[in-house]
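Quick notes on the structure that follows.
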Amino acid sequence: MERVRWVFLAYRLPREPSTPRITVWRKLRRLGVVQVVDGLVALPLDARTREQLEWIADEVLDAGGESSLWIAEAASARVERELAAQLAAAVAAEYVAVIVAAQAAAGESVTHRRRTLAKLRREVHRIRARDFFPPPESELAVAAVEGLAAALEAVSG
Amino acid sequence: MRWATRRHCHVDRAACAWLISRRVDSDAAFVFVDDPDEVPQDATPFDMRGVELGHHGDRCSFETMLAHFGLDDPVLWDLARIVHEADLGDERFDAPEAVGLDVICRGLSMIHDVDEALLAVTDSIFDGLYEHRRRGLLLGRDPA
(Lines give C-alpha, C1' and ligand atoms only; values in the text may rest on other atoms or scores of the structure.)
Protein backbone atom coordinates (compact mmCIF):
# COMPACT_ATOMS: atom_id res chain seq x y z
CA MET A 1 0.00 0.00 0.00
CA GLU A 2 1.25 3.41 -0.83
CA ARG A 3 2.25 5.46 2.16
CA VAL A 4 0.98 8.93 2.92
CA ARG A 5 3.64 11.57 2.39
CA TRP A 6 3.95 14.09 5.15
CA VAL A 7 5.45 17.50 5.50
CA PHE A 8 7.26 17.90 8.82
CA LEU A 9 8.24 21.13 10.48
CA ALA A 10 11.01 20.89 13.04
CA TYR A 11 11.28 24.08 15.02
CA ARG A 12 12.58 25.65 18.17
CA LEU A 13 11.72 29.10 19.47
CA PRO A 14 13.40 31.01 22.28
CA ARG A 15 11.46 30.67 25.54
CA GLU A 16 11.21 34.44 25.82
CA PRO A 17 9.53 36.50 24.47
CA SER A 18 6.49 34.26 24.61
CA THR A 19 4.37 36.14 22.03
CA PRO A 20 5.98 34.54 18.93
CA ARG A 21 5.66 31.12 20.55
CA ILE A 22 1.96 31.67 21.11
CA THR A 23 1.40 33.11 17.63
CA VAL A 24 3.18 30.22 15.95
CA TRP A 25 1.34 27.63 18.02
CA ARG A 26 -2.00 29.26 17.25
CA LYS A 27 -1.24 29.17 13.52
CA LEU A 28 -0.16 25.53 13.70
CA ARG A 29 -3.34 24.63 15.53
CA ARG A 30 -5.47 26.33 12.92
CA LEU A 31 -3.72 24.27 10.23
CA GLY A 32 -4.55 21.17 12.25
CA VAL A 33 -1.02 19.82 12.67
CA VAL A 34 -0.28 16.67 14.59
CA GLN A 35 2.50 17.05 17.11
CA VAL A 36 4.90 14.13 16.80
CA VAL A 37 7.18 15.20 19.64
CA ASP A 38 7.90 18.59 21.15
CA GLY A 39 9.05 20.87 18.32
CA LEU A 40 8.10 18.48 15.52
CA VAL A 41 4.73 18.80 13.83
CA ALA A 42 3.35 17.20 10.70
CA LEU A 43 0.60 17.48 8.11
CA PRO A 44 -0.23 15.27 5.13
CA LEU A 45 1.70 16.70 2.18
CA ASP A 46 -0.06 18.76 -0.44
CA ALA A 47 0.75 22.06 -2.15
CA ARG A 48 -1.18 24.01 0.47
CA THR A 49 0.09 22.34 3.64
CA ARG A 50 3.66 22.56 2.45
CA GLU A 51 3.36 26.23 1.63
CA GLN A 52 1.65 27.09 4.88
CA LEU A 53 4.30 25.32 6.93
CA GLU A 54 6.98 27.08 4.89
CA TRP A 55 5.61 30.45 5.95
CA ILE A 56 5.55 29.37 9.56
CA ALA A 57 9.13 28.07 9.27
CA ASP A 58 10.14 31.56 8.11
CA GLU A 59 8.20 33.17 10.92
CA VAL A 60 10.12 31.02 13.42
CA LEU A 61 13.43 32.16 11.88
CA ASP A 62 12.30 35.81 11.97
CA ALA A 63 11.56 35.39 15.67
CA GLY A 64 15.13 34.24 16.30
CA GLY A 65 14.35 30.53 16.37
CA GLU A 66 15.45 27.57 14.29
CA SER A 67 13.34 25.63 11.81
CA SER A 68 13.58 23.19 8.97
CA LEU A 69 11.04 21.57 6.72
CA TRP A 70 11.08 17.92 5.69
CA ILE A 71 9.06 15.72 3.41
CA ALA A 72 8.89 12.14 4.60
CA GLU A 73 6.80 9.03 4.99
CA ALA A 74 6.45 6.81 8.03
CA ALA A 75 8.74 3.79 8.00
CA SER A 76 5.92 1.55 9.20
CA ALA A 77 2.20 1.40 8.51
CA ARG A 78 1.55 1.49 12.24
CA VAL A 79 3.20 4.90 12.72
CA GLU A 80 1.29 6.22 9.75
CA ARG A 81 -1.99 4.92 11.17
CA GLU A 82 -1.23 6.51 14.52
CA LEU A 83 -0.53 9.92 13.01
CA ALA A 84 -3.68 9.74 10.90
CA ALA A 85 -5.70 8.59 13.92
CA GLN A 86 -4.44 11.50 16.01
CA LEU A 87 -5.45 13.96 13.30
CA ALA A 88 -8.85 12.33 12.90
CA ALA A 89 -9.46 12.30 16.65
CA ALA A 90 -8.71 16.00 16.95
CA VAL A 91 -11.20 17.01 14.26
CA ALA A 92 -13.73 14.45 15.52
CA ALA A 93 -13.79 16.26 18.85
CA GLU A 94 -14.47 19.52 17.04
CA TYR A 95 -17.30 17.94 15.05
CA VAL A 96 -18.82 16.57 18.25
CA ALA A 97 -18.90 20.10 19.68
CA VAL A 98 -20.85 21.17 16.58
CA ILE A 99 -23.31 18.28 16.98
CA VAL A 100 -23.88 19.15 20.64
CA ALA A 101 -24.43 22.83 19.79
CA ALA A 102 -26.87 21.93 16.99
CA GLN A 103 -28.88 19.70 19.33
CA ALA A 104 -28.86 22.32 22.07
CA ALA A 105 -30.23 24.90 19.63
CA ALA A 106 -33.36 22.82 18.92
CA GLY A 107 -35.28 24.38 21.81
CA GLU A 108 -34.33 27.97 21.04
CA SER A 109 -36.35 30.71 19.36
CA VAL A 110 -36.41 30.87 15.56
CA THR A 111 -34.19 33.97 15.47
CA HIS A 112 -31.72 32.37 17.79
CA ARG A 113 -31.71 29.12 15.84
CA ARG A 114 -31.11 30.96 12.58
CA ARG A 115 -28.06 32.66 14.07
CA THR A 116 -26.79 29.37 15.48
CA LEU A 117 -27.27 27.70 12.10
CA ALA A 118 -25.13 30.30 10.30
CA LYS A 119 -22.48 30.06 12.99
CA LEU A 120 -22.35 26.26 12.91
CA ARG A 121 -22.18 26.11 9.11
CA ARG A 122 -19.14 28.39 9.24
CA GLU A 123 -17.66 26.26 11.99
CA VAL A 124 -18.04 23.09 9.90
CA HIS A 125 -16.21 24.82 7.02
CA ARG A 126 -13.43 25.82 9.38
CA ILE A 127 -13.02 22.27 10.66
CA ARG A 128 -13.14 20.84 7.12
CA ALA A 129 -10.12 22.93 6.17
CA ARG A 130 -8.03 20.84 8.58
CA ASP A 131 -9.84 17.54 8.16
CA PHE A 132 -7.45 15.30 6.22
CA PHE A 133 -8.81 11.91 7.30
CA PRO A 134 -12.55 12.53 7.78
CA PRO A 135 -13.90 10.63 10.80
CA PRO A 136 -17.55 9.45 10.93
CA GLU A 137 -18.34 12.52 13.05
CA SER A 138 -17.79 14.66 9.95
CA GLU A 139 -20.98 13.44 8.25
CA LEU A 140 -22.87 13.41 11.55
CA ALA A 141 -22.00 17.06 12.13
CA VAL A 142 -23.20 18.04 8.66
CA ALA A 143 -26.40 16.06 9.25
CA ALA A 144 -26.98 17.75 12.63
CA VAL A 145 -26.48 21.23 11.19
CA GLU A 146 -28.60 20.59 8.12
CA GLY A 147 -31.22 19.07 10.41
CA LEU A 148 -31.38 22.41 12.15
CA ALA A 149 -31.77 24.08 8.75
CA ALA A 150 -34.59 21.71 7.75
CA ALA A 151 -36.45 22.36 11.02
CA LEU A 152 -36.21 26.11 10.41
CA GLU A 153 -37.42 25.66 6.85
CA ALA A 154 -40.47 23.82 8.20
CA VAL A 155 -41.23 26.65 10.64
CA SER A 156 -40.98 29.43 8.06
CA GLY A 157 -42.92 27.30 5.57
CA MET B 1 11.86 43.77 -15.28
CA ARG B 2 11.92 40.10 -14.38
CA TRP B 3 9.99 38.75 -11.44
CA ALA B 4 10.36 35.29 -9.99
CA THR B 5 8.04 33.16 -7.92
CA ARG B 6 7.24 29.56 -7.19
CA ARG B 7 5.63 27.38 -9.80
CA HIS B 8 1.93 26.43 -9.46
CA CYS B 9 0.38 29.72 -8.54
CA HIS B 10 -2.41 29.85 -6.03
CA VAL B 11 -4.49 32.83 -4.99
CA ASP B 12 -1.88 34.97 -3.22
CA ARG B 13 0.77 34.42 -5.90
CA ALA B 14 -1.72 35.00 -8.71
CA ALA B 15 -2.93 38.20 -7.03
CA CYS B 16 0.66 39.42 -6.65
CA ALA B 17 1.44 38.74 -10.31
CA TRP B 18 -1.69 40.64 -11.29
CA LEU B 19 -0.70 43.54 -9.04
CA ILE B 20 2.81 43.65 -10.50
CA SER B 21 1.65 43.75 -14.10
CA ARG B 22 -1.21 46.17 -13.48
CA ARG B 23 0.36 48.59 -11.01
CA VAL B 24 4.07 48.11 -10.61
CA ASP B 25 5.68 47.10 -13.90
CA SER B 26 3.75 47.11 -17.16
CA ASP B 27 6.60 45.23 -18.87
CA ALA B 28 6.78 42.56 -16.19
CA ALA B 29 8.09 39.16 -17.23
CA PHE B 30 7.62 36.24 -14.86
CA VAL B 31 9.94 33.35 -14.13
CA PHE B 32 8.59 30.31 -12.30
CA VAL B 33 10.94 28.22 -10.20
CA ASP B 34 10.77 25.16 -7.97
CA ASP B 35 13.34 26.26 -5.44
CA PRO B 36 14.43 29.67 -4.11
CA ASP B 37 17.98 28.87 -5.28
CA GLU B 38 16.79 28.89 -8.89
CA VAL B 39 15.76 32.56 -8.87
CA PRO B 40 17.79 34.33 -11.60
CA GLN B 41 20.11 37.09 -10.36
CA ASP B 42 18.30 39.83 -12.23
CA ALA B 43 14.81 38.80 -11.09
CA THR B 44 12.88 40.13 -8.07
CA PRO B 45 11.45 37.22 -6.09
CA PHE B 46 7.96 37.40 -4.59
CA ASP B 47 5.69 35.11 -2.59
CA MET B 48 8.59 32.80 -1.78
CA ARG B 49 10.29 31.84 1.44
CA GLY B 50 12.86 34.20 2.85
CA VAL B 51 12.16 37.14 0.52
CA GLU B 52 11.05 40.66 1.29
CA LEU B 53 7.89 40.39 -0.85
CA GLY B 54 6.48 37.41 1.01
CA HIS B 55 4.41 36.67 4.10
CA HIS B 56 5.43 38.74 7.08
CA GLY B 57 3.77 38.54 10.45
CA ASP B 58 0.05 38.37 9.74
CA ARG B 59 0.35 39.70 6.21
CA CYS B 60 0.07 37.63 3.08
CA SER B 61 2.35 38.53 0.15
CA PHE B 62 -0.30 40.66 -1.58
CA GLU B 63 -0.62 42.86 1.52
CA THR B 64 3.17 43.01 1.90
CA MET B 65 3.42 44.20 -1.71
CA LEU B 66 0.79 46.90 -1.32
CA ALA B 67 2.66 48.27 1.69
CA HIS B 68 6.06 47.86 0.06
CA PHE B 69 5.15 49.76 -3.10
CA GLY B 70 3.15 52.36 -1.17
CA LEU B 71 -0.05 51.52 -3.03
CA ASP B 72 -2.78 53.20 -1.02
CA ASP B 73 -5.68 52.72 -3.44
CA PRO B 74 -8.50 51.69 -1.08
CA VAL B 75 -9.89 49.33 -3.72
CA LEU B 76 -6.63 47.36 -3.68
CA TRP B 77 -6.79 47.13 0.10
CA ASP B 78 -10.34 45.90 -0.18
CA LEU B 79 -9.07 43.20 -2.55
CA ALA B 80 -6.32 42.48 -0.04
CA ARG B 81 -8.98 41.61 2.52
CA ILE B 82 -10.37 38.96 0.14
CA VAL B 83 -6.95 37.63 -0.93
CA HIS B 84 -5.81 37.41 2.71
CA GLU B 85 -8.81 35.31 3.73
CA ALA B 86 -8.67 33.16 0.57
CA ASP B 87 -5.01 32.45 1.29
CA LEU B 88 -4.91 32.23 5.07
CA GLY B 89 -8.51 31.88 6.24
CA ASP B 90 -7.56 33.21 9.66
CA GLU B 91 -10.74 35.29 9.96
CA ARG B 92 -8.85 38.47 10.50
CA PHE B 93 -11.22 40.03 7.99
CA ASP B 94 -14.83 39.56 7.06
CA ALA B 95 -14.54 38.32 3.47
CA PRO B 96 -17.32 35.99 2.38
CA GLU B 97 -15.98 36.26 -1.21
CA ALA B 98 -12.77 34.54 -0.15
CA VAL B 99 -14.13 30.99 -0.03
CA GLY B 100 -15.32 31.23 -3.63
CA LEU B 101 -12.12 32.85 -4.86
CA ASP B 102 -10.03 30.14 -3.20
CA VAL B 103 -12.05 27.36 -4.82
CA ILE B 104 -11.95 29.02 -8.25
CA CYS B 105 -8.18 29.47 -8.11
CA ARG B 106 -7.68 25.89 -6.94
CA GLY B 107 -9.85 24.57 -9.74
CA LEU B 108 -8.04 26.67 -12.34
CA SER B 109 -4.67 25.41 -11.18
CA MET B 110 -5.96 21.88 -11.75
CA ILE B 111 -6.73 22.52 -15.41
CA HIS B 112 -3.75 24.82 -16.16
CA ASP B 113 -0.40 23.20 -15.58
CA VAL B 114 1.44 26.09 -17.21
CA ASP B 115 1.53 29.11 -14.93
CA GLU B 116 1.49 31.62 -17.80
CA ALA B 117 -1.83 30.20 -18.98
CA LEU B 118 -3.18 30.17 -15.42
CA LEU B 119 -2.20 33.78 -14.80
CA ALA B 120 -3.88 34.88 -18.05
CA VAL B 121 -7.16 33.65 -16.55
CA THR B 122 -6.57 34.86 -12.99
CA ASP B 123 -5.55 38.33 -14.28
CA SER B 124 -8.99 38.60 -15.79
CA ILE B 125 -10.61 37.42 -12.55
CA PHE B 126 -8.74 40.04 -10.53
CA ASP B 127 -9.59 42.74 -13.10
CA GLY B 128 -13.25 41.87 -12.61
CA LEU B 129 -12.97 41.66 -8.85
CA TYR B 130 -11.21 45.01 -8.77
CA GLU B 131 -13.97 46.63 -10.84
CA HIS B 132 -16.65 45.09 -8.66
CA ARG B 133 -15.04 46.36 -5.47
CA ARG B 134 -14.31 49.77 -7.03
CA ARG B 135 -17.97 50.28 -7.87
CA GLY B 136 -18.95 48.83 -4.52
CA LEU B 137 -16.82 51.32 -2.63
CA LEU B 138 -18.18 54.22 -4.73
CA LEU B 139 -21.77 53.18 -4.19
CA GLY B 140 -21.34 52.20 -0.57
CA ARG B 141 -23.13 48.94 -1.32
CA ASP B 142 -22.69 45.94 -3.59
CA PRO B 143 -23.16 46.94 -7.23
CA ALA B 144 -25.77 45.06 -9.23
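Scheme for the C-alpha coordinates: letters A, B, ... for chains in order shown; per-chain residue numbers from 1; ligand numbers from 1 in order shown.
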
Inset, instruction - Enumerate as an MDAnalysis selection string the residues belonging to chain B that approach chain A to within 8 Å, with only C-alpha atoms taken into account. - result: chainID B and resid 49:50 55:57 90

Inset, instruction - Report the residues of region 95-137 of chain A whose backbone DSSP state falls under helix (DSSP H, G or I), written as a ChimeraX atom specification. - result: /A:95-105,110-128,136-137

Legend entry - Between CA of Leu13 (chain A) and CA of Ser68 (chain A) - distance in Å to one decimal: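 Interatomic distance here is 12.2 Å.
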
Legend entry - All residues 10 Å or closer to region 6-8 of chain A, only C-alpha atoms, same chain fewer than 6 positions away omitted, as number ranges by chain: A: 33-36, 40-46, 49-51, 53-54, 68-74, 80, 83

Inset, instruction - Please run DSSP on the backbone and report, as a list in words, all residues within chain B that come out as strand (DSSP E or B). - result: Arg2, Trp3, Ala4, Thr5, Arg6, Ala29, Phe30, Val31, Phe32, Val33, Ala43, Thr44, Pro45, Phe46, Leu53, His56 and Arg59 of chain B

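Taking only C-alpha atoms, the non-local environment of Thr116 (chain A) within 8 Å (same-chain residues fewer than 3 positions away omitted) comprises Ala102, Ala105, His112, Arg113, Lys119 and Leu120 of chain A.
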
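Taking CA of Asp73 (chain B) as the reference point, CA of Arg134 (chain B) is found at 9.8 Å.
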